[in-house]
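One file, model.csv, carrying CSV, C-alpha atoms (C1' of nucleotides):
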chain,number,residue,atom,x,y,z
A,565,MET,CA,-20.5,10.7,18.2
A,566,ALA,CA,-18.7,8.0,20.1
A,567,ALA,CA,-15.0,8.2,20.7
A,568,TRP,CA,-14.2,5.0,19.0
A,569,ARG,CA,-15.9,6.0,15.8
A,570,ARG,CA,-13.7,9.1,15.6
A,571,LEU,CA,-10.7,7.0,16.2
A,572,VAL,CA,-11.7,4.7,13.4
A,573,ALA,CA,-12.0,7.7,11.1
A,574,VAL,CA,-8.5,8.8,12.1
A,575,VAL,CA,-7.1,5.4,11.5
A,576,GLU,CA,-8.8,5.4,8.1
A,577,LEU,CA,-7.4,8.8,7.0
A,578,LEU,CA,-4.0,9.0,8.5
A,579,PRO,CA,-2.3,6.2,6.5
A,580,GLY,CA,-3.5,7.9,3.3
A,581,VAL,CA,-1.9,11.2,4.3
A,582,LEU,CA,1.4,9.5,5.3
A,583,ASP,CA,1.4,7.3,2.2
A,584,GLY,CA,0.7,10.2,-0.1
A,585,GLN,CA,3.5,12.4,1.1
A,586,LEU,CA,6.0,9.6,0.8
A,587,ARG,CA,4.8,8.6,-2.7
A,588,ARG,CA,5.0,12.1,-3.9
A,589,ASP,CA,8.4,13.0,-2.3
A,590,ALA,CA,10.3,9.8,-2.6
A,591,GLN,CA,8.3,7.3,-4.7
A,592,LEU,CA,8.0,5.1,-1.7
A,593,THR,CA,5.1,3.4,0.0
A,594,HIS,CA,4.8,4.0,3.7
A,595,PHE,CA,5.6,0.3,4.0
A,596,ASP,CA,8.7,0.7,1.8
A,597,TYR,CA,9.8,3.5,4.0
A,598,HIS,CA,9.3,1.5,7.1
A,599,VAL,CA,11.4,-1.3,5.7
A,600,LEU,CA,14.3,1.1,4.9
A,601,ALA,CA,13.9,2.8,8.3
A,602,MET,CA,14.2,-0.4,10.2
A,603,LEU,CA,17.3,-1.4,8.2
A,604,SER,CA,18.8,2.0,8.8
A,605,GLU,CA,18.5,1.6,12.5
A,606,ALA,CA,19.9,-1.9,12.6
A,607,PRO,CA,23.6,-2.7,13.3
A,608,HIS,CA,25.6,-2.5,10.1
A,609,ARG,CA,22.2,-1.7,8.5
A,610,VAL,CA,21.7,-5.4,8.0
A,611,LEU,CA,18.7,-7.6,9.1
A,612,ARG,CA,17.5,-11.1,8.4
A,613,MET,CA,14.4,-11.2,6.3
A,614,THR,CA,12.5,-12.8,9.2
A,615,ASP,CA,13.5,-10.1,11.7
A,616,LEU,CA,12.6,-7.5,9.2
A,617,ALA,CA,9.2,-9.1,8.6
A,618,THR,CA,8.3,-9.0,12.3
A,619,ARG,CA,9.6,-5.5,12.7
A,620,THR,CA,7.4,-4.3,9.9
A,621,ASN,CA,4.4,-6.5,10.7
A,622,ALA,CA,4.6,-8.1,7.3
A,623,THR,CA,4.2,-11.6,6.1
A,624,LEU,CA,7.3,-13.1,4.6
A,625,PRO,CA,5.9,-13.3,1.1
A,626,ARG,CA,4.9,-9.7,1.1
A,627,LEU,CA,8.3,-8.6,2.4
A,628,SER,CA,10.0,-10.8,-0.2
A,629,HIS,CA,8.2,-9.0,-3.0
A,630,VAL,CA,8.8,-5.6,-1.6
A,631,VAL,CA,12.5,-6.2,-1.0
A,632,ARG,CA,12.9,-7.6,-4.5
A,633,ARG,CA,11.5,-4.3,-5.9
A,634,LEU,CA,13.7,-2.2,-3.6
A,635,GLU,CA,16.7,-4.3,-4.7
A,636,GLU,CA,15.8,-3.6,-8.3
A,637,ARG,CA,16.0,0.1,-7.5
A,638,GLY,CA,19.4,-0.3,-5.8
A,639,LEU,CA,18.2,0.7,-2.3
A,640,VAL,CA,18.8,-2.7,-0.7
A,641,GLU,CA,21.0,-5.8,-1.3
A,642,ARG,CA,20.3,-9.3,-0.5
A,643,ALA,CA,22.9,-11.9,0.4
A,644,PRO,CA,22.7,-15.4,1.9
A,645,CYS,CA,23.5,-15.4,5.6
A,646,PRO,CA,26.9,-16.9,6.3
A,647,SER,CA,25.9,-18.5,9.6
A,648,ASP,CA,22.6,-20.0,8.4
A,649,GLY,CA,22.3,-21.1,4.9
A,650,ARG,CA,18.5,-20.9,5.0
A,651,ALA,CA,18.4,-17.3,5.9
A,652,THR,CA,18.8,-14.2,3.7
A,653,ASN,CA,20.2,-10.9,5.0
A,654,ALA,CA,18.9,-7.7,3.6
A,655,ARG,CA,21.4,-4.8,3.7
A,656,LEU,CA,20.7,-1.1,3.1
A,657,THR,CA,23.0,0.2,0.3
A,658,GLU,CA,24.6,3.6,0.3
A,659,ALA,CA,21.8,4.8,-2.1
A,660,GLY,CA,19.2,3.4,0.3
A,661,TRP,CA,20.9,5.1,3.2
A,662,ALA,CA,20.9,8.4,1.3
A,663,THR,CA,17.3,7.9,0.5
A,664,VAL,CA,16.4,7.5,4.1
A,665,ARG,CA,18.3,10.6,5.2
A,666,ALA,CA,16.7,12.6,2.4
A,667,THR,CA,13.2,11.4,3.1
A,668,ALA,CA,13.0,11.2,6.9
A,669,PRO,CA,12.8,15.0,7.6
A,670,GLY,CA,9.8,15.5,5.3
A,671,HIS,CA,8.1,12.5,6.7
A,672,VAL,CA,8.6,13.6,10.3
A,673,ALA,CA,7.4,17.1,9.3
A,674,THR,CA,4.2,15.6,7.8
A,675,VAL,CA,3.5,13.7,11.0
A,676,ARG,CA,4.3,16.8,13.0
A,677,GLU,CA,2.0,18.9,10.9
A,678,HIS,CA,-0.9,16.5,11.0
A,679,VAL,CA,-0.6,15.2,14.5
A,680,VAL,CA,1.6,17.0,16.9
A,681,ASP,CA,0.7,20.5,15.8
A,682,ALA,CA,-3.0,19.7,16.0
A,683,LEU,CA,-2.8,18.8,19.7
A,684,SER,CA,-2.0,20.6,22.9
A,685,PRO,CA,1.1,19.5,24.8
A,686,GLU,CA,-1.2,17.8,27.3
A,687,GLN,CA,-2.9,15.9,24.6
A,688,VAL,CA,0.4,14.7,23.2
A,689,THR,CA,1.2,13.4,26.6
A,690,GLN,CA,-2.2,11.8,26.9
A,691,LEU,CA,-1.8,10.3,23.4
A,692,ALA,CA,1.5,8.7,24.4
A,693,GLY,CA,-0.3,6.9,27.3
A,694,ILE,CA,-3.2,5.9,25.1
A,695,ALA,CA,-1.1,4.6,22.3
A,696,ASP,CA,0.9,2.6,24.8
A,697,ALA,CA,-2.2,1.0,26.2
A,698,LEU,CA,-3.5,0.1,22.8
A,699,LEU,CA,-0.2,-1.4,21.7
A,700,ARG,CA,-0.2,-3.7,24.7
A,701,ARG,CA,-3.2,-5.3,23.1
A,702,LEU,CA,-2.4,-4.9,19.4
A,703,ASP,CA,1.3,-5.7,19.6
A,704,PRO,CA,2.0,-7.5,22.9
A,705,ASP,CA,5.6,-8.5,22.0
A,706,GLY,CA,6.5,-4.9,21.0
A,707,ARG,CA,7.5,-6.1,17.5
A,708,LEU,CA,6.9,-2.8,15.8
A,709,THR,CA,8.2,-0.6,18.7
A,710,GLY,CA,11.7,-2.1,18.8
A,711,ALA,CA,11.5,-4.0,22.0
A,712,LEU,CA,12.2,-7.2,20.2
A,713,ASP,CA,14.4,-9.9,21.7
A,714,GLN,CA,17.9,-9.5,20.3
A,715,SER,CA,19.1,-13.0,20.7
A,716,ARG,CA,19.4,-14.0,17.0
A,717,ARG,CA,21.8,-11.9,15.0
A,718,PRO,CA,22.8,-12.1,11.4
B,1258,MET,CA,10.0,6.4,22.2
B,1259,ALA,CA,8.1,9.4,20.8
B,1260,ALA,CA,4.4,9.6,21.1
B,1261,TRP,CA,3.8,10.0,17.3
B,1262,ARG,CA,5.8,6.9,16.6
B,1263,ARG,CA,3.5,4.8,18.8
B,1264,LEU,CA,0.5,6.4,17.1
B,1265,VAL,CA,1.9,5.4,13.7
B,1266,ALA,CA,2.2,1.9,15.0
B,1267,VAL,CA,-1.4,1.9,16.2
B,1268,VAL,CA,-2.5,3.3,12.9
B,1269,GLU,CA,-0.6,0.5,11.2
B,1270,LEU,CA,-2.0,-2.3,13.2
B,1271,LEU,CA,-5.6,-1.4,14.0
B,1272,PRO,CA,-6.9,-1.6,10.4
B,1273,GLY,CA,-5.6,-5.1,10.1
B,1274,VAL,CA,-7.4,-6.2,13.2
B,1275,LEU,CA,-10.7,-4.6,12.1
B,1276,ASP,CA,-10.4,-5.9,8.6
B,1277,GLY,CA,-9.6,-9.4,9.7
B,1278,GLN,CA,-12.6,-9.7,12.0
B,1279,LEU,CA,-15.0,-8.5,9.3
B,1280,ARG,CA,-13.4,-10.8,6.6
B,1281,ARG,CA,-13.8,-13.8,8.8
B,1282,ASP,CA,-17.2,-13.1,10.2
B,1283,ALA,CA,-19.0,-11.5,7.2
B,1284,GLN,CA,-16.6,-11.9,4.1
B,1285,LEU,CA,-16.5,-8.1,4.0
B,1286,THR,CA,-13.6,-5.7,3.8
B,1287,HIS,CA,-13.7,-2.9,6.3
B,1288,PHE,CA,-14.2,-0.6,3.4
B,1289,ASP,CA,-17.2,-2.8,2.2
B,1290,TYR,CA,-18.7,-2.6,5.7
B,1291,HIS,CA,-18.2,1.2,5.7
B,1292,VAL,CA,-20.1,1.5,2.5
B,1293,LEU,CA,-23.0,-0.6,3.7
B,1294,ALA,CA,-23.0,1.2,7.0
B,1295,MET,CA,-23.2,4.6,5.4
B,1296,LEU,CA,-26.1,3.4,3.2
B,1297,SER,CA,-27.9,2.0,6.2
B,1298,GLU,CA,-27.8,5.4,7.9
B,1299,ALA,CA,-29.0,7.4,4.9
B,1300,PRO,CA,-32.7,8.3,4.3
B,1301,HIS,CA,-34.4,5.4,2.4
B,1302,ARG,CA,-31.0,3.8,2.6
B,1303,VAL,CA,-30.1,5.4,-0.7
B,1304,LEU,CA,-27.2,7.6,-1.6
B,1305,ARG,CA,-25.6,8.9,-4.8
B,1306,MET,CA,-22.4,7.4,-5.7
B,1307,THR,CA,-20.6,10.7,-5.3
B,1308,ASP,CA,-22.0,11.3,-1.8
B,1309,LEU,CA,-21.1,7.7,-0.9
B,1310,ALA,CA,-17.6,8.3,-2.2
B,1311,THR,CA,-17.0,11.4,0.0
B,1312,ARG,CA,-18.5,9.7,3.0
B,1313,THR,CA,-16.2,6.7,2.6
B,1314,ASN,CA,-13.2,8.7,1.6
B,1315,ALA,CA,-13.0,6.8,-1.6
B,1316,THR,CA,-12.2,7.8,-5.2
B,1317,LEU,CA,-15.1,7.2,-7.6
B,1318,PRO,CA,-13.4,4.4,-9.5
B,1319,ARG,CA,-12.7,2.5,-6.4
B,1320,LEU,CA,-16.3,2.9,-5.2
B,1321,SER,CA,-17.6,1.9,-8.6
B,1322,HIS,CA,-15.7,-1.4,-8.4
B,1323,VAL,CA,-16.6,-2.1,-4.8
B,1324,VAL,CA,-20.3,-1.4,-5.4
B,1325,ARG,CA,-20.3,-3.6,-8.5
B,1326,ARG,CA,-19.0,-6.5,-6.4
B,1327,LEU,CA,-21.5,-5.8,-3.6
B,1328,GLU,CA,-24.3,-5.7,-6.2
B,1329,GLU,CA,-23.2,-9.1,-7.6
B,1330,ARG,CA,-23.7,-10.4,-4.1
B,1331,GLY,CA,-27.1,-8.9,-3.8
B,1332,LEU,CA,-26.3,-6.5,-1.0
B,1333,VAL,CA,-26.8,-3.3,-3.0
B,1334,GLU,CA,-28.7,-2.2,-6.0
B,1335,ARG,CA,-27.9,0.6,-8.5
B,1336,ALA,CA,-30.4,2.7,-10.4
B,1337,PRO,CA,-30.1,5.8,-12.4
B,1338,CYS,CA,-31.1,8.9,-10.5
B,1339,PRO,CA,-34.5,10.2,-11.7
B,1340,SER,CA,-33.7,13.9,-11.1
B,1341,ASP,CA,-30.2,13.8,-12.7
B,1342,GLY,CA,-29.5,11.5,-15.6
B,1343,ARG,CA,-25.8,11.5,-14.9
B,1344,ALA,CA,-26.0,10.3,-11.4
B,1345,THR,CA,-26.4,6.8,-10.1
B,1346,ASN,CA,-28.1,6.0,-6.8
B,1347,ALA,CA,-26.9,3.1,-4.7
B,1348,ARG,CA,-29.6,1.5,-2.5
B,1349,LEU,CA,-29.1,-1.1,0.3
B,1350,THR,CA,-31.2,-4.2,-0.4
B,1351,GLU,CA,-33.0,-6.1,2.3
B,1352,ALA,CA,-30.2,-8.6,2.2
B,1353,GLY,CA,-27.7,-5.8,2.6
B,1354,TRP,CA,-29.7,-4.4,5.5
B,1355,ALA,CA,-29.8,-7.8,7.2
B,1356,THR,CA,-26.1,-8.2,6.7
B,1357,VAL,CA,-25.4,-4.8,8.4
B,1358,ARG,CA,-27.6,-5.7,11.3
B,1359,ALA,CA,-26.0,-9.1,11.6
B,1360,THR,CA,-22.4,-7.8,11.4
B,1361,ALA,CA,-22.5,-4.6,13.4
B,1362,PRO,CA,-22.6,-6.1,16.9
B,1363,GLY,CA,-19.5,-8.2,16.2
B,1364,HIS,CA,-17.7,-5.3,14.7
B,1365,VAL,CA,-18.5,-3.0,17.6
B,1366,ALA,CA,-17.5,-5.7,20.0
B,1367,THR,CA,-14.1,-6.0,18.3
B,1368,VAL,CA,-13.5,-2.3,18.6
B,1369,ARG,CA,-14.6,-2.4,22.2
B,1370,GLU,CA,-12.2,-5.3,23.0
B,1371,HIS,CA,-9.2,-3.8,21.3
B,1372,VAL,CA,-9.7,-0.1,22.1
B,1373,VAL,CA,-12.2,0.8,24.8
B,1374,ASP,CA,-11.4,-2.1,27.1
B,1375,ALA,CA,-7.7,-1.3,26.8
B,1376,LEU,CA,-8.2,2.2,28.1
B,1377,SER,CA,-9.3,3.7,31.4
B,1378,PRO,CA,-12.5,5.8,31.3
B,1379,GLU,CA,-10.4,9.0,31.5
B,1380,GLN,CA,-8.3,7.9,28.6
B,1381,VAL,CA,-11.4,7.2,26.5
B,1382,THR,CA,-12.5,10.8,27.2
B,1383,GLN,CA,-9.0,12.1,26.3
B,1384,LEU,CA,-9.1,10.0,23.2
B,1385,ALA,CA,-12.3,11.6,22.1
B,1386,GLY,CA,-10.8,15.1,22.3
B,1387,ILE,CA,-7.6,14.0,20.6
B,1388,ALA,CA,-9.4,12.3,17.7
B,1389,ASP,CA,-11.6,15.4,17.4
B,1390,ALA,CA,-8.5,17.6,17.1
B,1391,LEU,CA,-6.9,15.3,14.6
B,1392,LEU,CA,-10.0,15.1,12.5
B,1393,ARG,CA,-10.1,18.9,12.2
B,1394,ARG,CA,-6.9,18.6,10.2
B,1395,LEU,CA,-7.4,15.3,8.4
B,1396,ASP,CA,-11.1,15.8,7.6
B,1397,PRO,CA,-11.9,19.5,7.8
B,1398,ASP,CA,-15.3,19.1,6.2
B,1399,GLY,CA,-16.4,16.3,8.4
B,1400,ARG,CA,-17.0,14.0,5.4
B,1401,LEU,CA,-16.4,10.8,7.3
B,1402,THR,CA,-18.1,11.9,10.5
B,1403,GLY,CA,-21.5,12.7,9.0
B,1404,ALA,CA,-21.4,16.4,9.3
B,1405,LEU,CA,-21.7,16.7,5.6
B,1406,ASP,CA,-23.8,19.4,3.9
B,1407,GLN,CA,-27.2,18.0,3.1
B,1408,SER,CA,-28.2,20.3,0.2
B,1409,ARG,CA,-28.1,17.7,-2.5
B,1410,ARG,CA,-30.4,14.8,-2.2
B,1411,PRO,CA,-31.1,11.9,-4.5
C,1409,DC,C1',-30.2,26.2,-30.1
C,1410,DC,C1',-26.1,24.2,-30.5
C,1411,DA,C1',-20.9,23.7,-29.8
C,1412,DG,C1',-17.7,23.2,-25.9
C,1413,DA,C1',-16.9,22.4,-21.2
C,1414,DT,C1',-18.1,20.0,-17.2
C,1415,DC,C1',-20.0,16.4,-14.5
C,1416,DA,C1',-20.9,11.6,-12.9
C,1417,DC,C1',-19.8,7.8,-13.4
C,1418,DT,C1',-17.7,3.2,-15.8
C,1419,DT,C1',-14.1,0.5,-17.8
C,1420,DG,C1',-9.3,-0.9,-18.6
C,1421,DT,C1',-4.6,-1.5,-17.2
C,1422,DA,C1',-0.9,-1.8,-14.0
C,1423,DC,C1',0.6,-2.4,-9.4
C,1424,DC,C1',0.4,-4.2,-4.7
C,1425,DT,C1',-1.0,-7.6,-1.2
C,1426,DA,C1',-2.6,-12.1,0.6
C,1427,DC,C1',-2.7,-17.0,0.4
C,1428,DA,C1',-1.0,-21.4,-1.2
C,1429,DA,C1',2.5,-24.2,-2.9
C,1430,DG,C1',7.3,-25.2,-3.8
C,1431,DT,C1',12.7,-25.3,-2.8
C,1432,DG,C1',16.8,-25.9,-0.4
C,1433,DA,C1',19.0,-25.9,4.2
C,1434,DC,C1',19.3,-27.2,9.0
C,1435,DA,C1',18.1,-30.3,13.2
C,1436,DC,C1',17.0,-34.3,15.5
C,1437,DC,C1',16.3,-39.2,16.2
C,1438,DG,C1',17.1,-43.9,15.4
D,202,DC,C1',24.9,-41.4,8.8
D,203,DG,C1',19.8,-41.5,6.3
D,204,DG,C1',15.0,-40.1,6.9
D,205,DT,C1',11.7,-37.1,8.7
D,206,DG,C1',10.2,-32.7,10.1
D,207,DT,C1',10.8,-27.9,10.5
D,208,DC,C1',12.6,-23.5,9.0
D,209,DA,C1',13.4,-19.5,5.9
D,210,DC,C1',12.5,-18.0,2.3
D,211,DT,C1',10.8,-17.6,-3.0
D,212,DT,C1',7.5,-18.0,-6.6
D,213,DG,C1',2.8,-18.3,-8.6
D,214,DT,C1',-1.9,-17.0,-8.7
D,215,DA,C1',-6.0,-14.4,-7.4
D,216,DG,C1',-8.2,-10.3,-5.6
D,217,DG,C1',-8.3,-5.3,-4.5
D,218,DT,C1',-6.8,-0.5,-5.4
D,219,DA,C1',-4.9,3.6,-8.1
D,220,DC,C1',-4.5,6.1,-12.2
D,221,DA,C1',-5.9,7.1,-17.0
D,222,DA,C1',-9.1,7.1,-20.6
D,223,DG,C1',-13.8,6.7,-22.3
D,224,DT,C1',-19.1,7.5,-22.4
D,225,DG,C1',-23.4,9.8,-21.9
D,226,DA,C1',-25.9,13.5,-19.6
D,227,DT,C1',-26.1,18.4,-18.1
D,228,DC,C1',-24.8,23.2,-18.1
D,229,DT,C1',-23.1,27.6,-20.4
D,230,DG,C1',-22.1,31.3,-23.8
D,231,DG,C1',-22.7,33.1,-28.3
Would it be possible to restate this file's structure as structure tokens?
Amino acid sequence: MAAWRRLVAVVELLPGVLDGQLRRDAQLTHFDYHVLAMLSEAPHRVLRMTDLATRTNATLPRLSHVVRRLEERGLVERAPCPSDGRATNARLTEAGWATVRATAPGHVATVREHVVDALSPEQVTQLAGIADALLRRLDPDGRLTGALDQSRRP
Amino acid sequence: MAAWRRLVAVVELLPGVLDGQLRRDAQLTHFDYHVLAMLSEAPHRVLRMTDLATRTNATLPRLSHVVRRLEERGLVERAPCPSDGRATNARLTEAGWATVRATAPGHVATVREHVVDALSPEQVTQLAGIADALLRRLDPDGRLTGALDQSRRP
DNA sequence: CCAGATCACTTGTACCTACAAGTGACACCG
DNA sequence: CGGTGTCACTTGTAGGTACAAGTGATCTGG
């Protein structure tokens, strides 16, 4: 079978595996986790909704709903931005931070189990190059990989 | 950044690209397309719902809803299986077959554009090996890749 | 041969996501 | 300063997916 077809199969199956593990272990969607993880890496664990949306590849409506649900669970807080009245800052609460710390190891272990351990060291190196090349097309601005321009700050 | 994190980013972005192209060009979900494609490759273009579910990595309820919608659009027909009264056979109609033929080239072109053309020939070869290794963990029975046991037939 | 278990679905309900419309807040131009 | 346009969200509605329960048909043991 052609290489691309196998890639499509991987792309079809892997999200389900990652999502399932997080749902079981932390009652979080993979997207939820991504939101919390991005916040946890930000300075003061605060980000504008717009920045958070680009970092998670989400539309603003979708992010708004998700953050509202996370806020109801006490993992995130929202507050109007002092410097720009239009903007909203999302901040990771202590409970949210604790959730990330408790969840990250299991998530990383799942990825390791299903990806890294399935490949030889050379293949891991090759994969890095391949993923890099693909992301230059899929995500030219590096929004998901953290190479975002840092000019605007909350 | 680690290789696996870039892979996760790819896995996050690629489905959206594939889905978007099919929605625009054929008003089909990527999952819808996968259902039609599996039927188009089956003998007589007929498959049991259960077989179709494993081949598309879907739960039976999900498949049932999707096939109902495809049936309403005239792309698929359902009929009770003659040999097993419990089973339902899904058959690709002429309209469905025409849709697959009309849609496949654009879909393949999209994959080519975003994947194959982004990589060097060596990388494509490497990717085949990597995807193979990953699928041995993610899909040990080869359900999505067509290596399914062929004992039960409609 | 028939009661219970299993199988192959279908249907119903709840949740999540996408798209569209609406609401204040800022920015620029005269 | 107003008025217009844009920005940054929020809310509402429709469509898709997951989980749970229900319906016949088939198998199995006594």
Give the superposed chain A as a compact mmCIF listing (two decimals) with C-alpha atoms, in the coordinates of the input, the fit being least squares on chain B over all ordered C-alpha pairs.
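Result file superposed.txt:
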# COMPACT_ATOMS: atom_id res chain seq x y z
CA MET A 565 9.94 6.22 22.35
CA ALA A 566 8.15 9.24 21.00
CA ALA A 567 4.41 9.50 21.14
CA TRP A 568 3.95 9.85 17.48
CA ARG A 569 5.84 6.70 16.69
CA ARG A 570 3.48 4.72 18.93
CA LEU A 571 0.57 6.29 17.24
CA VAL A 572 1.94 5.29 13.89
CA ALA A 573 2.25 1.72 15.12
CA VAL A 574 -1.38 1.81 16.25
CA VAL A 575 -2.52 3.17 12.97
CA GLU A 576 -0.55 0.41 11.25
CA LEU A 577 -2.06 -2.45 13.31
CA LEU A 578 -5.58 -1.44 13.98
CA PRO A 579 -6.94 -1.58 10.40
CA GLY A 580 -5.58 -5.14 10.14
CA VAL A 581 -7.45 -6.22 13.27
CA LEU A 582 -10.72 -4.55 12.11
CA ASP A 583 -10.33 -5.89 8.57
CA GLY A 584 -9.62 -9.39 9.76
CA GLN A 585 -12.63 -9.73 11.97
CA LEU A 586 -14.93 -8.49 9.25
CA ARG A 587 -13.39 -10.79 6.60
CA ARG A 588 -13.70 -13.75 8.81
CA ASP A 589 -17.26 -13.05 10.11
CA ALA A 590 -18.94 -11.57 7.12
CA GLN A 591 -16.62 -11.84 4.08
CA LEU A 592 -16.44 -8.12 3.95
CA THR A 593 -13.59 -5.66 3.77
CA HIS A 594 -13.64 -2.92 6.35
CA PHE A 595 -14.23 -0.63 3.38
CA ASP A 596 -17.16 -2.78 2.19
CA TYR A 597 -18.60 -2.56 5.62
CA HIS A 598 -18.24 1.14 5.73
CA VAL A 599 -20.05 1.47 2.44
CA LEU A 600 -23.01 -0.63 3.70
CA ALA A 601 -22.99 1.25 7.03
CA MET A 602 -23.26 4.60 5.41
CA LEU A 603 -26.12 3.40 3.18
CA SER A 604 -27.86 1.94 6.18
CA GLU A 605 -27.84 5.24 7.93
CA ALA A 606 -29.03 7.23 4.96
CA PRO A 607 -32.72 8.13 4.33
CA HIS A 608 -34.46 5.30 2.53
CA ARG A 609 -31.00 3.64 2.63
CA VAL A 610 -30.24 5.32 -0.66
CA LEU A 611 -27.21 7.56 -1.58
CA ARG A 612 -25.75 8.98 -4.75
CA MET A 613 -22.48 7.41 -5.70
CA THR A 614 -20.74 10.77 -5.23
CA ASP A 615 -22.10 11.29 -1.71
CA LEU A 616 -21.16 7.80 -0.86
CA ALA A 617 -17.63 8.32 -2.19
CA THR A 618 -17.04 11.36 0.03
CA ARG A 619 -18.58 9.68 3.02
CA THR A 620 -16.23 6.77 2.67
CA ASN A 621 -13.18 8.77 1.59
CA ALA A 622 -13.00 6.84 -1.64
CA THR A 623 -12.30 7.82 -5.16
CA LEU A 624 -15.17 7.31 -7.53
CA PRO A 625 -13.47 4.57 -9.50
CA ARG A 626 -12.70 2.59 -6.43
CA LEU A 627 -16.25 2.93 -5.13
CA SER A 628 -17.60 1.95 -8.55
CA HIS A 629 -15.68 -1.31 -8.44
CA VAL A 630 -16.60 -2.07 -4.91
CA VAL A 631 -20.29 -1.37 -5.43
CA ARG A 632 -20.32 -3.50 -8.57
CA ARG A 633 -19.01 -6.46 -6.48
CA LEU A 634 -21.52 -5.80 -3.68
CA GLU A 635 -24.28 -5.64 -6.31
CA GLU A 636 -23.13 -8.98 -7.65
CA ARG A 637 -23.62 -10.40 -4.16
CA GLY A 638 -27.12 -8.89 -3.88
CA LEU A 639 -26.27 -6.50 -0.99
CA VAL A 640 -26.80 -3.30 -2.98
CA GLU A 641 -28.75 -2.14 -6.08
CA ARG A 642 -27.91 0.51 -8.46
CA ALA A 643 -30.41 2.62 -10.36
CA PRO A 644 -30.13 5.83 -12.41
CA CYS A 645 -31.23 8.86 -10.43
CA PRO A 646 -34.58 10.16 -11.61
CA SER A 647 -33.76 13.83 -11.00
CA ASP A 648 -30.29 13.79 -12.59
CA GLY A 649 -29.63 11.51 -15.42
CA ARG A 650 -25.87 11.62 -14.83
CA ALA A 651 -26.06 10.35 -11.35
CA THR A 652 -26.47 6.78 -10.04
CA ASN A 653 -28.17 5.96 -6.73
CA ALA A 654 -26.95 3.06 -4.73
CA ARG A 655 -29.62 1.43 -2.52
CA LEU A 656 -29.10 -1.11 0.27
CA THR A 657 -31.23 -4.24 -0.43
CA GLU A 658 -33.03 -6.20 2.23
CA ALA A 659 -30.12 -8.76 2.16
CA GLY A 660 -27.64 -5.90 2.58
CA TRP A 661 -29.68 -4.51 5.43
CA ALA A 662 -29.72 -7.93 7.11
CA THR A 663 -26.04 -8.18 6.60
CA VAL A 664 -25.42 -4.95 8.35
CA ARG A 665 -27.59 -5.84 11.34
CA ALA A 666 -25.88 -9.22 11.59
CA THR A 667 -22.39 -7.85 11.32
CA ALA A 668 -22.49 -4.58 13.29
CA PRO A 669 -22.58 -6.12 16.83
CA GLY A 670 -19.43 -8.20 16.26
CA HIS A 671 -17.68 -5.30 14.72
CA VAL A 672 -18.54 -2.96 17.58
CA ALA A 673 -17.47 -5.70 20.03
CA THR A 674 -14.07 -5.99 18.27
CA VAL A 675 -13.53 -2.26 18.54
CA ARG A 676 -14.67 -2.36 22.13
CA GLU A 677 -12.34 -5.20 22.92
CA HIS A 678 -9.32 -3.67 21.27
CA VAL A 679 -9.83 -0.05 22.11
CA VAL A 680 -12.32 0.85 24.72
CA ASP A 681 -11.55 -1.99 27.09
CA ALA A 682 -7.83 -1.25 26.89
CA LEU A 683 -8.28 2.31 28.18
CA SER A 684 -9.45 3.93 31.37
CA PRO A 685 -12.62 6.01 31.21
CA GLU A 686 -10.44 9.11 31.42
CA GLN A 687 -8.41 8.00 28.51
CA VAL A 688 -11.51 7.39 26.43
CA THR A 689 -12.50 10.91 27.16
CA GLN A 690 -9.05 12.17 26.33
CA LEU A 691 -9.07 10.10 23.11
CA ALA A 692 -12.34 11.71 22.03
CA GLY A 693 -10.68 15.18 22.32
CA ILE A 694 -7.55 14.02 20.55
CA ALA A 695 -9.33 12.35 17.72
CA ASP A 696 -11.41 15.47 17.26
CA ALA A 697 -8.34 17.63 17.01
CA LEU A 698 -6.72 15.37 14.51
CA LEU A 699 -9.82 15.18 12.34
CA ARG A 700 -9.93 18.95 12.10
CA ARG A 701 -6.71 18.63 10.18
CA LEU A 702 -7.23 15.31 8.38
CA ASP A 703 -10.88 15.80 7.48
CA PRO A 704 -11.74 19.51 7.75
CA ASP A 705 -15.19 19.20 6.08
CA GLY A 706 -16.21 16.33 8.42
CA ARG A 707 -16.85 14.07 5.39
CA LEU A 708 -16.31 10.83 7.23
CA THR A 709 -17.98 11.96 10.53
CA GLY A 710 -21.38 12.76 9.01
CA ALA A 711 -21.33 16.48 9.24
CA LEU A 712 -21.68 16.76 5.53
CA ASP A 713 -23.83 19.43 3.92
CA GLN A 714 -27.22 17.93 3.14
CA SER A 715 -28.24 20.18 0.35
CA ARG A 716 -28.17 17.66 -2.56
CA ARG A 717 -30.52 14.75 -2.16
CA PRO A 718 -31.21 11.84 -4.42
> Which residues come within 10 Å of Asp703 in chain A, counting only C-alpha atoms (C1' of nucleotides), excluding same-chain residues fewer than 2 positions away, as JSON, numbers by chain?
Replying inline: {"A": [621, 696, 698, 699, 700, 701, 705, 706, 707, 708, 709], "B": [1266, 1267, 1270, 1271]}
I'd like a table as a tab-separated table: residues in range 635-654 of chain A with an atom no more than 12 Å from range 1419-1433 of chain C, each row giving the shortest atom pair and its distance in Å to one decimal, only C-alpha atoms (C1' of nucleotides) counted, sorted by chain and rising residue number.
residue	atom	partner	partner_atom	distance
A:Pro644	CA	C:DA1433	C1'	11.4
A:Cys645	CA	C:DA1433	C1'	11.5
A:Ser647	CA	C:DA1433	C1'	11.5
A:Asp648	CA	C:DA1433	C1'	8.1
A:Gly649	CA	C:DA1433	C1'	5.9
A:Arg650	CA	C:DA1433	C1'	5.1
A:Ala651	CA	C:DA1433	C1'	8.8
A:Thr652	CA	C:DA1433	C1'	11.7
